[in-house]
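Have a look at the structure below before the remarks.
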Amino acid sequence: MSMTDLFDESGADTVLEAPEVDMNFMNPARRSVGLIISTVALLMSIFSAGWVYYNKESNVVKMSRAEFLYLICLGSAMCTISIYPLSFDESHGFSTKQLSFCCMLDVWIFIIGYVVLYSGLFAKLSMITKGEETITVTSSQVMKPLYPLFGIVILCLSLWTGFDPWKWERKVIATDKNGIPTESVGRCYCDNYLFFVLPQLIIIAIMNGITLYMAWKTRNIATDNDAGIWVFGSIFVNAELWLFGYPLVLMLVDFNPDAAFFGRVMIKPGISITSTLLIIAPLIVKKSADYALVNQQTGRQRRNSVQLRSSQNTADDTNSTLARLSSKKISDEGQRRPGIDKK
């Protein structure tokens, strides 16, 4: 226990024992649970991308456009990866400088990943509105309106990083009667938080609104994969995660790091999981159903072919038997005929 020399009110030297400071480091068990959830979400995105690549020549993937599905998988993976930089604090041996870098890295990965994800969703919906996901619509035609958005996002993030980046700080939330800190929390902080965060939130809100409107507009358009309704469901669930998760993070980040971390897990890996489950999983189910139908038809054809060959073999055997009987009958008549002639 360290000792600190302080002066009391009378001016006499007094030796006071410095209290232990509760640093509110992340609970290892809760942190592990959050990282496990995040890893599962990341593996789902990787598996989905691998499945799309393996089945890129199938009609199911061709109709949904593999390049747009890759964007959805990449964006989902980036949203999940962004949680990892926020899973560290001083208890893991990181310096303040390293933790400050992690704070800003999280913002870059998540915002860009979110824009990539919704670009893929927007592209899918645009194809539906142009007519049954037709392959006559080129990818560049669909993605062209999104290029300025990427430029704005990169510009905003660059200005934020250059002028007032996230910094790791430890905020004192409790002191003793002598004003000595007894409890603190670590957090990412910048002086002009709202000035730089609001443009990002506005961009996200605009993307959510436009894509949700397009999804609602195309939800009843019949396609082979029912893409419109699944995209609408994905965007709706993601919007709910934002509405409930983000206020939770804002309320708890200065008091309970574990709860704030789980709030971020609910938003970031949550968006990834819902996107892969509601966009890629229906394609997997559709492909499996088509494969099972083809196998069923093939099995039926094989059974019919076997039955046909069996019928042909039976007919051949019958004809062969009749031929033998006829030959035998002719032979018997030939043997009897000489006797008749003698008479």
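Residue names in the structure tokens use chain letters A, B, ... in the order shown, residue numbers from 1 in each chain, and ligand numbers from 1 in the order shown.
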Need to verify the contact set: region 182-196 of chain A, 8 Å, only C-alpha atoms, exclusion of same-chain residues closer than 3 positions in sequence. Can you return it as a short mmCIF file (atom, residue, chain, number, x, y, z; two decimals) with all heavy atoms, in the first residue's frame?
data_model
loop_
_atom_site.label_atom_id
_atom_site.label_comp_id
_atom_site.auth_asym_id
_atom_site.auth_seq_id
_atom_site.Cartn_x
_atom_site.Cartn_y
_atom_site.Cartn_z
N PRO A 19 -6.10 5.43 -0.55
CA PRO A 19 -7.04 4.32 -0.74
C PRO A 19 -6.81 3.62 -2.07
O PRO A 19 -6.25 4.18 -3.01
CB PRO A 19 -8.40 5.02 -0.73
CG PRO A 19 -8.11 6.40 -1.24
CD PRO A 19 -6.73 6.74 -0.71
N GLU A 20 -7.22 2.38 -2.12
CA GLU A 20 -7.18 1.65 -3.38
C GLU A 20 -8.20 2.25 -4.35
O GLU A 20 -9.31 2.60 -3.95
CB GLU A 20 -7.48 0.17 -3.16
CG GLU A 20 -6.37 -0.59 -2.48
CD GLU A 20 -6.64 -2.08 -2.48
OE1 GLU A 20 -7.71 -2.49 -3.00
OE2 GLU A 20 -5.80 -2.83 -1.97
N VAL A 21 -7.79 2.36 -5.59
CA VAL A 21 -8.67 2.92 -6.61
C VAL A 21 -9.30 1.78 -7.40
O VAL A 21 -8.59 0.92 -7.94
CB VAL A 21 -7.90 3.86 -7.56
CG1 VAL A 21 -8.84 4.42 -8.62
CG2 VAL A 21 -7.25 4.99 -6.78
N ASP A 22 -10.61 1.77 -7.44
CA ASP A 22 -11.34 0.79 -8.26
C ASP A 22 -11.28 1.27 -9.71
O ASP A 22 -11.92 2.26 -10.07
CB ASP A 22 -12.77 0.67 -7.78
CG ASP A 22 -13.57 -0.39 -8.56
OD1 ASP A 22 -12.98 -1.03 -9.45
OD2 ASP A 22 -14.76 -0.55 -8.27
N MET A 23 -10.51 0.56 -10.55
CA MET A 23 -10.30 0.99 -11.93
C MET A 23 -11.42 0.54 -12.87
O MET A 23 -11.47 0.96 -14.02
CB MET A 23 -8.97 0.44 -12.44
CG MET A 23 -7.77 0.82 -11.58
SD MET A 23 -7.37 2.57 -11.69
CE MET A 23 -6.54 2.63 -13.26
N ASN A 24 -12.33 -0.31 -12.38
CA ASN A 24 -13.44 -0.81 -13.21
C ASN A 24 -12.95 -1.41 -14.52
O ASN A 24 -13.47 -1.12 -15.60
CB ASN A 24 -14.45 0.31 -13.49
CG ASN A 24 -15.36 0.58 -12.32
OD1 ASN A 24 -16.02 -0.33 -11.81
ND2 ASN A 24 -15.38 1.81 -11.87
N PHE A 25 -11.94 -2.27 -14.40
CA PHE A 25 -11.48 -2.98 -15.59
C PHE A 25 -12.57 -3.96 -16.04
O PHE A 25 -13.44 -4.35 -15.27
CB PHE A 25 -10.20 -3.76 -15.29
CG PHE A 25 -9.00 -2.89 -15.04
CD1 PHE A 25 -8.17 -3.12 -13.95
CD2 PHE A 25 -8.69 -1.84 -15.88
CE1 PHE A 25 -7.07 -2.31 -13.71
CE2 PHE A 25 -7.59 -1.02 -15.66
CZ PHE A 25 -6.78 -1.27 -14.57
N ASP A 89 -8.23 -2.80 -22.22
CA ASP A 89 -7.99 -1.66 -21.34
C ASP A 89 -6.59 -1.83 -20.75
O ASP A 89 -5.81 -2.68 -21.19
CB ASP A 89 -9.07 -1.53 -20.27
CG ASP A 89 -9.27 -2.80 -19.47
OD1 ASP A 89 -8.31 -3.59 -19.35
OD2 ASP A 89 -10.38 -3.02 -18.95
N SER A 100 -5.69 4.68 -27.30
CA SER A 100 -6.22 5.77 -28.11
C SER A 100 -6.29 5.37 -29.58
O SER A 100 -7.26 5.69 -30.29
CB SER A 100 -5.35 7.02 -27.94
OG SER A 100 -5.38 7.48 -26.59
N CYS A 103 -9.25 3.18 -30.07
CA CYS A 103 -10.50 3.96 -30.08
C CYS A 103 -10.82 4.46 -31.48
O CYS A 103 -11.96 4.34 -31.96
CB CYS A 103 -10.41 5.13 -29.12
SG CYS A 103 -10.43 4.69 -27.37
N CYS A 156 -15.03 12.75 -43.75
CA CYS A 156 -15.41 13.01 -42.36
C CYS A 156 -14.49 12.29 -41.38
O CYS A 156 -14.04 12.87 -40.38
CB CYS A 156 -16.86 12.59 -42.12
SG CYS A 156 -18.10 13.61 -42.96
N TRP A 160 -11.92 14.04 -38.68
CA TRP A 160 -12.03 13.67 -37.27
C TRP A 160 -10.68 13.20 -36.73
O TRP A 160 -10.23 13.61 -35.66
CB TRP A 160 -13.08 12.58 -37.15
CG TRP A 160 -13.48 12.24 -35.74
CD1 TRP A 160 -12.96 12.77 -34.59
CD2 TRP A 160 -14.48 11.31 -35.34
NE1 TRP A 160 -13.58 12.22 -33.49
CE2 TRP A 160 -14.52 11.33 -33.94
CE3 TRP A 160 -15.36 10.48 -36.04
CZ2 TRP A 160 -15.40 10.53 -33.20
CZ3 TRP A 160 -16.24 9.68 -35.32
CH2 TRP A 160 -16.26 9.71 -33.92
N ASP A 164 -9.35 16.09 -34.10
CA ASP A 164 -9.74 15.78 -32.72
C ASP A 164 -10.07 14.30 -32.59
O ASP A 164 -11.23 13.91 -32.41
CB ASP A 164 -10.94 16.64 -32.31
CG ASP A 164 -11.25 16.52 -30.83
OD1 ASP A 164 -10.37 16.06 -30.08
OD2 ASP A 164 -12.37 16.88 -30.42
N PRO A 165 -9.05 13.44 -32.68
CA PRO A 165 -9.33 12.00 -32.67
C PRO A 165 -9.76 11.51 -31.30
O PRO A 165 -9.56 12.19 -30.28
CB PRO A 165 -7.97 11.40 -33.06
CG PRO A 165 -6.98 12.39 -32.58
CD PRO A 165 -7.62 13.73 -32.77
N TRP A 166 -10.37 10.32 -31.31
CA TRP A 166 -10.67 9.67 -30.04
C TRP A 166 -9.38 9.49 -29.24
O TRP A 166 -8.35 9.10 -29.77
CB TRP A 166 -11.28 8.29 -30.28
CG TRP A 166 -12.73 8.24 -30.61
CD1 TRP A 166 -13.27 7.84 -31.78
CD2 TRP A 166 -13.84 8.56 -29.75
NE1 TRP A 166 -14.64 7.89 -31.71
CE2 TRP A 166 -15.02 8.33 -30.47
CE3 TRP A 166 -13.93 9.02 -28.43
CZ2 TRP A 166 -16.28 8.54 -29.94
CZ3 TRP A 166 -15.19 9.23 -27.90
CH2 TRP A 166 -16.34 8.99 -28.65
N LYS A 167 -9.45 9.73 -27.95
CA LYS A 167 -8.31 9.51 -27.05
C LYS A 167 -8.80 8.70 -25.85
O LYS A 167 -9.94 8.84 -25.41
CB LYS A 167 -7.72 10.84 -26.57
CG LYS A 167 -7.14 11.68 -27.69
CD LYS A 167 -6.57 12.98 -27.16
CE LYS A 167 -7.67 13.92 -26.70
NZ LYS A 167 -8.47 14.45 -27.82
N TRP A 168 -7.92 7.85 -25.36
CA TRP A 168 -8.26 7.07 -24.18
C TRP A 168 -8.00 7.91 -22.94
O TRP A 168 -6.92 8.49 -22.78
CB TRP A 168 -7.44 5.78 -24.13
CG TRP A 168 -7.75 4.93 -22.94
CD1 TRP A 168 -7.08 4.90 -21.74
CD2 TRP A 168 -8.81 3.98 -22.81
NE1 TRP A 168 -7.65 3.99 -20.88
CE2 TRP A 168 -8.72 3.40 -21.51
CE3 TRP A 168 -9.82 3.55 -23.66
CZ2 TRP A 168 -9.60 2.43 -21.07
CZ3 TRP A 168 -10.71 2.58 -23.21
CH2 TRP A 168 -10.60 2.03 -21.93
N GLU A 169 -8.97 7.98 -22.08
CA GLU A 169 -8.80 8.71 -20.83
C GLU A 169 -9.44 7.93 -19.70
O GLU A 169 -10.33 7.11 -19.91
CB GLU A 169 -9.42 10.10 -20.92
CG GLU A 169 -10.93 10.10 -20.91
CD GLU A 169 -11.50 11.48 -20.59
OE1 GLU A 169 -10.75 12.46 -20.67
OE2 GLU A 169 -12.70 11.54 -20.26
N ARG A 170 -8.95 8.21 -18.51
CA ARG A 170 -9.53 7.56 -17.32
C ARG A 170 -10.26 8.63 -16.52
O ARG A 170 -9.67 9.58 -16.01
CB ARG A 170 -8.45 6.88 -16.48
CG ARG A 170 -9.01 6.08 -15.33
CD ARG A 170 -8.11 4.95 -14.98
NE ARG A 170 -8.19 3.88 -15.97
CZ ARG A 170 -9.16 2.96 -16.02
NH1 ARG A 170 -10.15 3.00 -15.14
NH2 ARG A 170 -9.13 2.02 -16.93
N LYS A 171 -11.57 8.47 -16.43
CA LYS A 171 -12.43 9.45 -15.77
C LYS A 171 -12.66 9.04 -14.32
O LYS A 171 -13.08 7.92 -14.03
CB LYS A 171 -13.76 9.56 -16.51
CG LYS A 171 -14.73 10.55 -15.89
CD LYS A 171 -16.04 10.57 -16.63
CE LYS A 171 -17.03 11.54 -15.98
NZ LYS A 171 -18.35 11.53 -16.68
N VAL A 172 -12.41 9.97 -13.40
CA VAL A 172 -12.66 9.73 -11.98
C VAL A 172 -14.16 9.91 -11.72
O VAL A 172 -14.74 10.94 -12.05
CB VAL A 172 -11.85 10.71 -11.11
CG1 VAL A 172 -12.21 10.51 -9.63
CG2 VAL A 172 -10.36 10.51 -11.32
N ILE A 173 -14.77 8.89 -11.12
CA ILE A 173 -16.21 8.96 -10.85
C ILE A 173 -16.52 8.94 -9.37
O ILE A 173 -17.69 9.08 -8.97
CB ILE A 173 -16.97 7.81 -11.55
CG1 ILE A 173 -16.46 6.46 -11.07
CG2 ILE A 173 -16.85 7.92 -13.05
CD1 ILE A 173 -17.24 5.28 -11.64
N ALA A 174 -15.50 8.79 -8.53
CA ALA A 174 -15.73 8.81 -7.07
C ALA A 174 -14.42 9.20 -6.37
O ALA A 174 -13.33 8.81 -6.79
CB ALA A 174 -16.22 7.46 -6.57
N THR A 175 -14.54 9.98 -5.29
CA THR A 175 -13.39 10.37 -4.47
C THR A 175 -13.75 10.21 -3.01
O THR A 175 -14.93 10.12 -2.63
CB THR A 175 -12.99 11.84 -4.74
OG1 THR A 175 -14.11 12.69 -4.42
CG2 THR A 175 -12.59 12.04 -6.19
N ASP A 176 -12.71 10.21 -2.15
CA ASP A 176 -12.98 10.16 -0.72
C ASP A 176 -13.12 11.57 -0.17
O ASP A 176 -13.13 12.55 -0.93
CB ASP A 176 -11.88 9.37 0.01
CG ASP A 176 -10.53 10.05 -0.11
OD1 ASP A 176 -10.45 11.18 -0.63
OD2 ASP A 176 -9.53 9.44 0.32
N PRO A 199 -22.26 13.99 -37.88
CA PRO A 199 -22.28 13.70 -39.33
C PRO A 199 -22.31 12.21 -39.63
O PRO A 199 -22.99 11.77 -40.56
CB PRO A 199 -20.98 14.35 -39.82
CG PRO A 199 -20.69 15.43 -38.85
CD PRO A 199 -21.14 14.89 -37.53
N GLN A 200 -21.58 11.41 -38.83
CA GLN A 200 -21.59 9.96 -39.04
C GLN A 200 -22.98 9.38 -38.75
O GLN A 200 -23.48 8.54 -39.50
CB GLN A 200 -20.54 9.28 -38.13
CG GLN A 200 -19.17 9.90 -38.17
CD GLN A 200 -18.50 9.78 -39.52
OE1 GLN A 200 -18.75 8.83 -40.26
NE2 GLN A 200 -17.66 10.74 -39.86
N VAL A 253 -21.51 4.08 -20.55
CA VAL A 253 -20.09 4.11 -20.87
C VAL A 253 -19.27 4.79 -19.77
O VAL A 253 -18.10 4.45 -19.56
CB VAL A 253 -19.87 4.80 -22.23
CG1 VAL A 253 -20.21 6.28 -22.16
CG2 VAL A 253 -18.44 4.59 -22.71
N ASP A 254 -19.85 5.75 -19.05
CA ASP A 254 -19.12 6.47 -18.01
C ASP A 254 -19.24 5.83 -16.64
O ASP A 254 -18.65 6.33 -15.67
CB ASP A 254 -19.61 7.92 -17.91
CG ASP A 254 -19.19 8.74 -19.12
OD1 ASP A 254 -18.25 8.33 -19.82
OD2 ASP A 254 -19.82 9.79 -19.36
N PHE A 255 -19.97 4.71 -16.51
CA PHE A 255 -20.20 4.13 -15.19
C PHE A 255 -19.97 2.62 -15.15
O PHE A 255 -19.50 2.11 -14.14
CB PHE A 255 -21.64 4.43 -14.73
CG PHE A 255 -21.98 5.88 -14.73
CD1 PHE A 255 -22.70 6.45 -15.77
CD2 PHE A 255 -21.56 6.70 -13.70
CE1 PHE A 255 -23.00 7.79 -15.77
CE2 PHE A 255 -21.86 8.06 -13.69
CZ PHE A 255 -22.58 8.61 -14.73
N ASN A 256 -20.29 1.92 -16.22
CA ASN A 256 -20.21 0.47 -16.21
C ASN A 256 -19.61 -0.01 -17.54
O ASN A 256 -20.33 -0.22 -18.51
CB ASN A 256 -21.60 -0.14 -15.99
CG ASN A 256 -21.53 -1.62 -15.69
OD1 ASN A 256 -20.67 -2.34 -16.18
ND2 ASN A 256 -22.46 -2.09 -14.85
N PRO A 257 -18.30 -0.19 -17.60
CA PRO A 257 -17.66 -0.60 -18.86
C PRO A 257 -18.17 -1.94 -19.39
O PRO A 257 -18.28 -2.12 -20.60
CB PRO A 257 -16.18 -0.69 -18.48
CG PRO A 257 -16.03 0.19 -17.28
CD PRO A 257 -17.33 0.07 -16.55
#
Need the shell around Ile112 (chain A): protein/DNA/RNA residues with any atom at most 10 Å away, counting only C-alpha atoms. Skip same-chain ones fewer than 6 positions apart. Format as a ChimeraX atom specification?
/A:75,78-79,150,153-154,157
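Between Leu117 (chain A) and the residues A:Phe236, A:Ser76, A:Ala66, A:Leu149, the shortest atom-to-atom distance, using only C-alpha atoms, involves A:Ser76.
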Can you work out the spacing between CA of Ile210 (chain A) and CA of Gly120 (chain A) in Å, to one decimal?
13.2 Å
Could you state the separation of CA of Ile111 (chain A) and CA of Ile204 (chain A) in Å, given to one decimal place?
8.4 Å
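Residues in contact range of Lys287 (chain A), defined as at most 9 Å between only C-alpha atoms, with sequence neighbours fewer than 6 positions away removed, read Asn55, Ser58, Asn59, Val60 and Val61 of chain A.
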Those residues with N, CA and C atoms, as a CSV table (one decimal), in the first residue's frame please?
chain,number,residue,atom,x,y,z
A,55,ASN,N,-20.7,-21.5,-54.6
A,55,ASN,CA,-22.0,-21.7,-55.4
A,55,ASN,C,-22.2,-20.5,-56.4
A,58,SER,N,-24.3,-21.2,-59.4
A,58,SER,CA,-25.7,-21.6,-59.3
A,58,SER,C,-26.7,-20.5,-59.6
A,59,ASN,N,-27.9,-20.8,-60.0
A,59,ASN,CA,-28.9,-19.8,-60.4
A,59,ASN,C,-29.3,-19.0,-59.2
A,60,VAL,N,-29.3,-19.6,-58.0
A,60,VAL,CA,-29.7,-18.8,-56.8
A,60,VAL,C,-28.7,-17.6,-56.6
A,61,VAL,N,-27.4,-17.9,-56.7
A,61,VAL,CA,-26.4,-16.9,-56.4
A,61,VAL,C,-26.3,-15.9,-57.6
